[in-house]
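Raw structure.txt, compact mmCIF, C-alpha atoms:
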# COMPACT_ATOMS: atom_id res chain seq x y z
CA MET A 120 -3.43 -3.34 -20.14
CA ALA A 121 -6.64 -3.53 -22.15
CA VAL A 122 -8.43 -0.37 -23.20
CA ARG A 123 -11.06 0.59 -20.63
CA ARG A 124 -14.22 2.28 -21.85
CA LEU A 125 -17.44 3.45 -20.25
CA ALA A 126 -20.45 1.17 -20.51
CA GLU A 127 -22.80 1.87 -23.41
CA GLN A 128 -25.87 1.94 -21.19
CA GLN A 129 -25.73 4.81 -18.69
CA PRO A 130 -28.19 6.26 -16.17
CA GLN A 131 -29.67 9.66 -16.86
CA SER A 132 -28.19 11.43 -13.84
CA PHE A 133 -26.12 11.16 -10.67
CA ALA A 134 -26.18 12.99 -7.36
CA PHE A 135 -24.38 12.27 -4.13
CA SER A 136 -26.61 11.45 -1.19
CA ASP A 137 -26.77 14.12 1.50
CA ALA A 138 -24.33 12.21 3.68
CA ASN A 139 -21.91 11.56 0.83
CA ARG A 140 -22.16 15.16 -0.35
CA ALA A 141 -21.19 16.39 3.12
CA TRP A 142 -18.32 13.88 3.18
CA ALA A 143 -17.12 15.05 -0.26
CA GLU A 144 -17.14 18.70 0.76
CA LYS A 145 -15.15 17.87 3.89
CA GLU A 146 -12.67 15.95 1.75
CA MET A 147 -12.29 18.90 -0.63
CA ALA A 148 -11.67 21.27 2.29
CA LYS A 149 -8.46 19.37 3.15
CA TYR A 150 -6.71 21.07 0.24
CA PRO A 151 -5.77 24.75 -0.21
CA PRO A 152 -7.79 26.95 -2.58
CA GLY A 153 -7.25 26.00 -6.19
CA ARG A 154 -6.05 22.49 -5.28
CA GLN A 155 -9.41 20.75 -4.87
CA ALA A 156 -8.58 18.51 -7.86
CA SER A 157 -6.42 16.52 -5.43
CA ALA A 158 -9.67 15.02 -4.07
CA VAL A 159 -10.67 13.46 -7.39
CA ILE A 160 -9.81 9.85 -6.52
CA PRO A 161 -11.58 9.86 -3.10
CA LEU A 162 -14.70 11.39 -4.69
CA LEU A 163 -14.78 8.89 -7.53
CA TRP A 164 -14.36 6.07 -5.03
CA ARG A 165 -17.22 7.37 -2.89
CA ALA A 166 -19.41 7.63 -6.03
CA GLN A 167 -18.60 4.00 -6.79
CA GLU A 168 -19.44 2.92 -3.26
CA GLN A 169 -22.80 4.67 -3.58
CA GLU A 170 -23.76 3.38 -7.03
CA GLY A 171 -21.78 0.14 -7.28
CA TRP A 172 -19.84 1.44 -10.29
CA VAL A 173 -18.57 4.73 -11.74
CA THR A 174 -21.15 6.08 -14.14
CA GLU A 175 -20.66 8.74 -16.80
CA PRO A 176 -22.99 11.15 -14.95
CA ALA A 177 -20.94 10.58 -11.79
CA ILE A 178 -17.75 11.52 -13.65
CA ARG A 179 -19.43 14.72 -14.84
CA ALA A 180 -20.65 15.53 -11.33
CA VAL A 181 -17.21 15.04 -9.80
CA ALA A 182 -15.60 17.18 -12.52
CA ALA A 183 -18.09 19.98 -11.81
CA MET A 184 -17.57 19.78 -8.04
CA LEU A 185 -13.79 20.00 -8.40
CA ASP A 186 -13.83 22.53 -11.27
CA MET A 187 -11.83 20.11 -13.43
CA PRO A 188 -12.02 19.50 -17.17
CA LEU A 189 -14.22 16.49 -17.82
CA ILE A 190 -11.50 14.76 -19.84
CA ARG A 191 -9.10 14.81 -16.87
CA VAL A 192 -11.57 13.03 -14.59
CA LEU A 193 -12.39 10.59 -17.40
CA GLU A 194 -8.66 9.84 -17.80
CA ILE A 195 -8.37 8.97 -14.11
CA ALA A 196 -11.51 6.84 -14.02
CA THR A 197 -10.45 4.82 -17.06
CA PHE A 198 -6.81 4.41 -15.97
CA TYR A 199 -7.25 2.83 -12.53
CA THR A 200 -8.78 -0.66 -12.49
CA MET A 201 -10.12 0.05 -9.00
CA PHE A 202 -12.85 2.04 -10.74
CA LEU A 203 -15.57 -0.13 -12.26
CA LEU A 204 -16.94 1.34 -15.48
CA ALA A 205 -19.93 -0.96 -15.96
CA PRO A 206 -22.59 -2.56 -13.74
CA VAL A 207 -21.21 -5.41 -11.63
CA GLY A 208 -22.53 -8.19 -9.44
CA ARG A 209 -24.98 -7.25 -6.71
CA VAL A 210 -22.98 -9.02 -4.00
CA ALA A 211 -19.40 -8.65 -5.20
CA HIS A 212 -17.14 -7.94 -8.14
CA ILE A 213 -14.01 -10.13 -8.06
CA GLN A 214 -10.78 -8.63 -9.40
CA VAL A 215 -8.30 -11.44 -10.05
CA CYS A 216 -4.60 -10.51 -10.23
CA GLY A 217 -3.02 -12.13 -13.28
CA THR A 218 0.46 -10.61 -13.13
CA THR A 219 3.50 -12.92 -13.23
CA PRO A 220 3.92 -13.71 -9.47
CA CYS A 221 0.22 -14.58 -9.13
CA TRP A 222 0.25 -16.51 -12.39
CA LEU A 223 3.22 -18.59 -11.20
CA ARG A 224 1.43 -19.31 -7.92
CA GLY A 225 -1.86 -20.46 -9.41
CA ALA A 226 -3.89 -17.46 -10.62
CA ASN A 227 -5.18 -19.56 -13.52
CA ASP A 228 -6.90 -21.85 -11.00
CA ILE A 229 -8.67 -18.82 -9.51
CA LYS A 230 -9.76 -17.68 -12.97
CA ASP A 231 -11.06 -21.18 -13.72
CA VAL A 232 -13.26 -21.01 -10.61
CA CYS A 233 -14.58 -17.62 -11.73
CA LYS A 234 -15.38 -18.97 -15.17
CA HIS A 235 -17.18 -21.96 -13.66
CA ARG A 236 -19.02 -20.21 -10.83
CA ILE A 237 -19.69 -16.76 -12.31
CA SER A 238 -19.31 -16.44 -16.08
CA GLU A 239 -17.06 -17.75 -18.82
CA GLU A 240 -16.38 -14.18 -19.93
CA GLN A 241 -15.08 -11.27 -17.86
CA PHE A 242 -17.41 -8.38 -16.97
CA HIS A 243 -20.46 -10.62 -17.34
CA ILE A 244 -22.74 -10.86 -14.32
CA SER A 245 -23.70 -14.31 -13.04
CA ALA A 246 -27.13 -15.66 -13.86
CA ASP A 247 -28.46 -14.79 -10.38
CA GLY A 248 -27.02 -11.27 -10.63
CA ALA A 249 -24.85 -11.77 -7.55
CA LEU A 250 -21.27 -11.91 -8.83
CA SER A 251 -19.01 -10.66 -11.62
CA TRP A 252 -15.28 -10.83 -12.23
CA GLU A 253 -12.33 -9.48 -14.23
CA GLU A 254 -8.58 -9.98 -14.51
CA VAL A 255 -6.43 -7.02 -13.43
CA GLU A 256 -2.77 -6.15 -13.17
CA CYS A 257 -0.66 -6.23 -9.99
CA LEU A 258 -2.61 -5.76 -6.76
CA GLY A 259 0.56 -5.18 -4.74
CA ALA A 260 0.70 -8.27 -2.49
CA CYS A 261 2.92 -10.46 -4.66
CA VAL A 262 4.53 -12.28 -1.73
CA ASN A 263 1.08 -13.65 -0.80
CA ALA A 264 0.13 -14.62 -4.35
CA PRO A 265 -2.28 -15.48 -5.77
CA LEU A 266 -4.89 -13.00 -4.61
CA VAL A 267 -8.08 -11.19 -5.52
CA GLN A 268 -9.51 -7.81 -4.57
CA ILE A 269 -13.13 -7.27 -3.61
CA GLY A 270 -14.02 -3.67 -2.92
CA ALA A 271 -11.25 -2.22 -0.76
CA ASP A 272 -10.03 -5.60 0.59
CA THR A 273 -7.59 -8.17 -0.74
CA TYR A 274 -7.84 -11.93 -0.13
CA GLU A 275 -4.48 -13.66 -0.41
CA ASP A 276 -2.81 -17.09 -0.49
CA LEU A 277 -5.68 -18.50 -2.51
CA ASN A 278 -6.20 -21.93 -4.02
CA ARG A 279 -9.22 -23.58 -5.58
CA GLU A 280 -10.61 -24.83 -2.27
CA ASN A 281 -10.36 -21.70 -0.12
CA PHE A 282 -11.47 -19.47 -3.00
CA GLU A 283 -14.58 -21.62 -3.47
CA ALA A 284 -15.22 -21.26 0.28
CA LEU A 285 -14.75 -17.48 0.02
CA LEU A 286 -17.37 -17.24 -2.73
CA ALA A 287 -19.75 -19.39 -0.69
CA ASP A 288 -19.39 -17.02 2.27
CA LEU A 289 -20.13 -14.02 0.08
CA LEU A 290 -23.25 -15.60 -1.38
CA ALA A 291 -24.43 -16.57 2.11
CA GLY A 292 -24.11 -12.98 3.31
CA ARG A 293 -21.04 -13.63 5.44
CA LYS A 294 -18.05 -11.26 5.38
CA PRO A 295 -14.82 -13.21 4.72
CA LYS A 296 -11.78 -12.09 6.69
CA PRO A 297 -9.42 -10.12 4.43
CA GLY A 298 -5.75 -11.03 4.10
CA SER A 299 -4.16 -14.45 4.02
CA GLN A 300 -6.60 -17.33 3.64
CA ILE A 301 -4.17 -19.91 5.02
CA GLY A 302 -3.70 -18.30 8.41
CA ARG A 303 -0.22 -16.87 8.11
CA GLN A 304 0.55 -13.55 9.76
CA PHE A 305 0.88 -10.82 7.15
CA SER A 306 3.70 -12.05 4.88
CA ALA A 307 5.51 -14.26 7.39
CA PRO A 308 7.11 -17.43 5.99
CA ILE A 309 4.71 -20.30 5.41
CA GLY A 310 5.41 -22.93 8.07
CA GLY A 311 6.99 -20.54 10.56
CA GLU A 312 10.50 -19.25 11.15
CA THR A 313 13.49 -21.06 9.68
CA THR A 314 16.35 -18.96 11.12
CA LEU A 315 17.20 -17.44 14.52
CA THR A 316 14.97 -20.00 16.21
CA ASP A 317 17.21 -20.55 19.28
CA GLU A 318 15.44 -18.88 22.22
CA ALA A 319 18.81 -18.16 23.83
CA VAL A 320 19.38 -15.51 21.19
CA TYR A 321 16.56 -13.44 22.66
CA GLN A 322 17.62 -13.75 26.35
CA PRO A 323 19.23 -10.65 27.98
CA ARG A 324 22.97 -10.89 28.39
CA PRO A 325 24.22 -11.25 32.02
CA GLU A 326 26.12 -8.33 33.53
CA PRO A 327 29.90 -8.94 33.83
CA GLY A 328 31.07 -9.70 37.39
CA ASN A 329 33.26 -6.55 37.65
CA ALA A 330 30.70 -4.16 36.22
CA GLY A 331 29.83 -2.53 39.57
CA PRO A 332 26.65 -0.62 40.29
CA ALA A 333 25.12 1.43 37.50
CA LEU A 334 25.63 5.20 37.73
CA SER A 335 22.67 7.49 38.09
CA ASP A 336 22.18 10.23 35.50
CA ALA A 337 23.45 12.86 37.94
CA ASP A 338 26.59 10.85 38.82
CA ALA A 339 27.28 10.16 35.17
CA LYS A 340 27.06 13.90 34.42
CA LYS A 341 29.52 14.73 37.23
CA THR A 342 31.96 12.08 36.01
CA THR A 343 31.83 13.45 32.48
CA GLU A 344 32.34 17.05 33.64
CA GLY A 345 35.35 16.03 35.80
CA ALA A 346 36.94 14.19 32.94
CA ASN A 347 36.53 17.21 30.68
CA GLN A 348 38.23 19.49 33.26
CA ARG A 349 41.21 17.14 33.64
CA GLU A 350 41.88 16.95 29.95
CA ALA A 351 44.99 18.94 28.98
CA PRO A 352 44.75 21.20 25.98
CA VAL A 353 45.98 19.57 22.84
CA PRO A 354 49.09 21.44 21.55
CA LYS A 355 48.80 22.80 18.07
CA PRO A 356 51.08 21.19 15.50
CA PRO A 357 53.95 23.39 14.24
CA ALA A 358 53.27 25.39 11.13
CA ALA A 359 54.36 23.68 7.96
CA ALA A 360 57.55 25.03 6.45
CA ASN A 361 57.22 27.00 3.24
CA PRO A 362 59.04 25.01 0.56
CA ASP A 363 59.96 28.27 -1.16
CA ASP A 364 62.02 29.48 1.83
CA LYS A 365 65.76 28.81 1.47
CA ALA A 366 67.31 26.93 4.35
CA PRO A 367 70.31 28.69 6.00
CA ASN A 368 73.71 27.40 5.01
CA PRO A 369 75.25 25.84 8.14
CA VAL A 370 78.79 26.13 6.66
CA SER A 371 80.30 29.58 7.16
CA LYS A 372 82.56 30.95 4.49
CA ALA A 373 86.22 31.48 5.39

If you took the structure in this file and wrote it as structure tokens, what would it be?
Amino acid sequence: MAVRRLAEQQPQSFAFSDANRAWAEKEMAKYPPGRQASAVIPLLWRAQEQEGWVTEPAIRAVAAMLDMPLIRVLEIATFYTMFLLAPVGRVAHIQVCGTTPCWLRGANDIKDVCKHRISEEQFHISADGALSWEEVECLGACVNAPLVQIGADTYEDLNRENFEALLADLLAGRKPKPGSQIGRQFSAPIGGETTLTDEAVYQPRPEPGNAGPALSDADAKKTTEGANQREAPVPKPPAAANPDDKAPNPVSKA
């Protein structure tokens, strides 16, 4: 993974909006006293949603709210690629998975579209200021590779054509539907089922002809109790002989 650093140009200050401040305090209250640091990732994410990226003043503000050393919050913000450390496109920032499964399934085609439509270089904003992109490590939906992440959503089963259509929707102000872009359900096999396709497998089995009527719960209880009463006690096995004991001599001496 490449080294991730904060942008050189930073705003002077950061403050949560009133609504986001109330949300952050509610999030912190979920944890026992002294454990508020557990809310660091949700608070950084909310700061990013408010500003579009995670600024250095935002990192300082979150550290102060959670009573954490600044370096610890900085470590978290720079480790996770979900946190954007520089200004990004006004409409969307495209995170393209380039890990092996996505690469084998055509991630390079998706990157080529980004280079053509957005910018030849990563982290550069398009000329109209609308889009930006970067390559990231595994986004966790390898079976539906290749995919991209935009905000909190992933868009899967991509190719040049449907990815171009996805970008067009974004630029037109339309919200693309997250998930598979070829219409498959979750991670179901492409083309439908290939095994256990005989509908007879899923039909209920007929009752055998001599099964008789089903017992009610009360009758079943009585039957079980009667069977328990009729059972004879199991005799205990004889105690094992002590090998050290001498067996009596059956031959009497004259």

Atomic distance CA of Val210 (chain A) - CA of Gly298 (chain A), expressed in Å with one decimal
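For CA of Val210 (chain A) relative to CA of Gly298 (chain A), the distance reads 19.1 Å.
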
Mind giving me the straight-line distance from CA of Leu258 (chain A) to CA of Cys216 (chain A) in Å, one decimal?
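Computing it gives 6.2 Å between the two atoms.
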
Considering only C-alpha atoms, return as a PyMOL selection string whatever protein or nucleic-acid residues lie within 10 Å of Leu289 (chain A), sequence-local ones (same chain, fewer than 6 positions apart) excluded.
chain A and resi 210-211+249-250+295

For the point (-23.2, 6.6, -8.9) in file coordinates, what residues are within 12 Å, counting all atoms listed in the file? Give the answer as JSON, numbers by chain?
{"A": [129, 130, 131, 132, 133, 134, 135, 136, 139, 162, 163, 164, 165, 166, 167, 168, 169, 170, 171, 172, 173, 174, 175, 176, 177, 178, 179, 180, 181, 202, 203, 204, 205, 206]}

Quote the spacing between CA of Gln300 (chain A) and CA of Val255 (chain A) in Å to one decimal place.
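Spanning CA of Gln300 (chain A) to CA of Val255 (chain A) is a straight-line distance of 19.9 Å.
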
Find the residue from A:Lys234, A:Lys294, A:Arg209, A:Arg303 that sits nearest to Asp272 (chain A); use all atoms listed in the file when measuring.
A:Lys294

Hey, which of A:Tyr199, A:Asp228, A:Gly208, A:Asp137 ends up closest to Glu256 (chain A)? Count all atoms listed in the file.
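Comparing A:Tyr199, A:Asp228, A:Gly208, A:Asp137 against Glu256 (chain A), the winner is A:Tyr199.
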
With only C-alpha atoms as the basis for distance, which of A:Asn263, A:Val192, A:Val207, A:Ala182 is at the shortest distance from Trp222 (chain A)?
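Of A:Asn263, A:Val192, A:Val207, A:Ala182, the one nearest Trp222 (chain A), counting only C-alpha atoms, is A:Asn263.
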
Env of Val215 (chain A): 10 Å cut, atoms = only C-alpha atoms, seq-sep filter 4 positions within chain, self excluded. Answer as a list in words.
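Within the cut-off, the hits are Cys221, Ala226, Asn227, Ile229, Lys230, Cys233, Trp252, Glu253, Glu254, Val255, Glu256, Cys257, Leu258, Pro265, Leu266, Val267, Gln268, Ile269, Thr273 and Tyr274 of chain A.
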
Using all atoms listed in the file for the distances, tell me which of A:Asp276, A:Asp288, A:Glu146, A:Glu318 is nearest to Pro220 (chain A).
A:Asp276
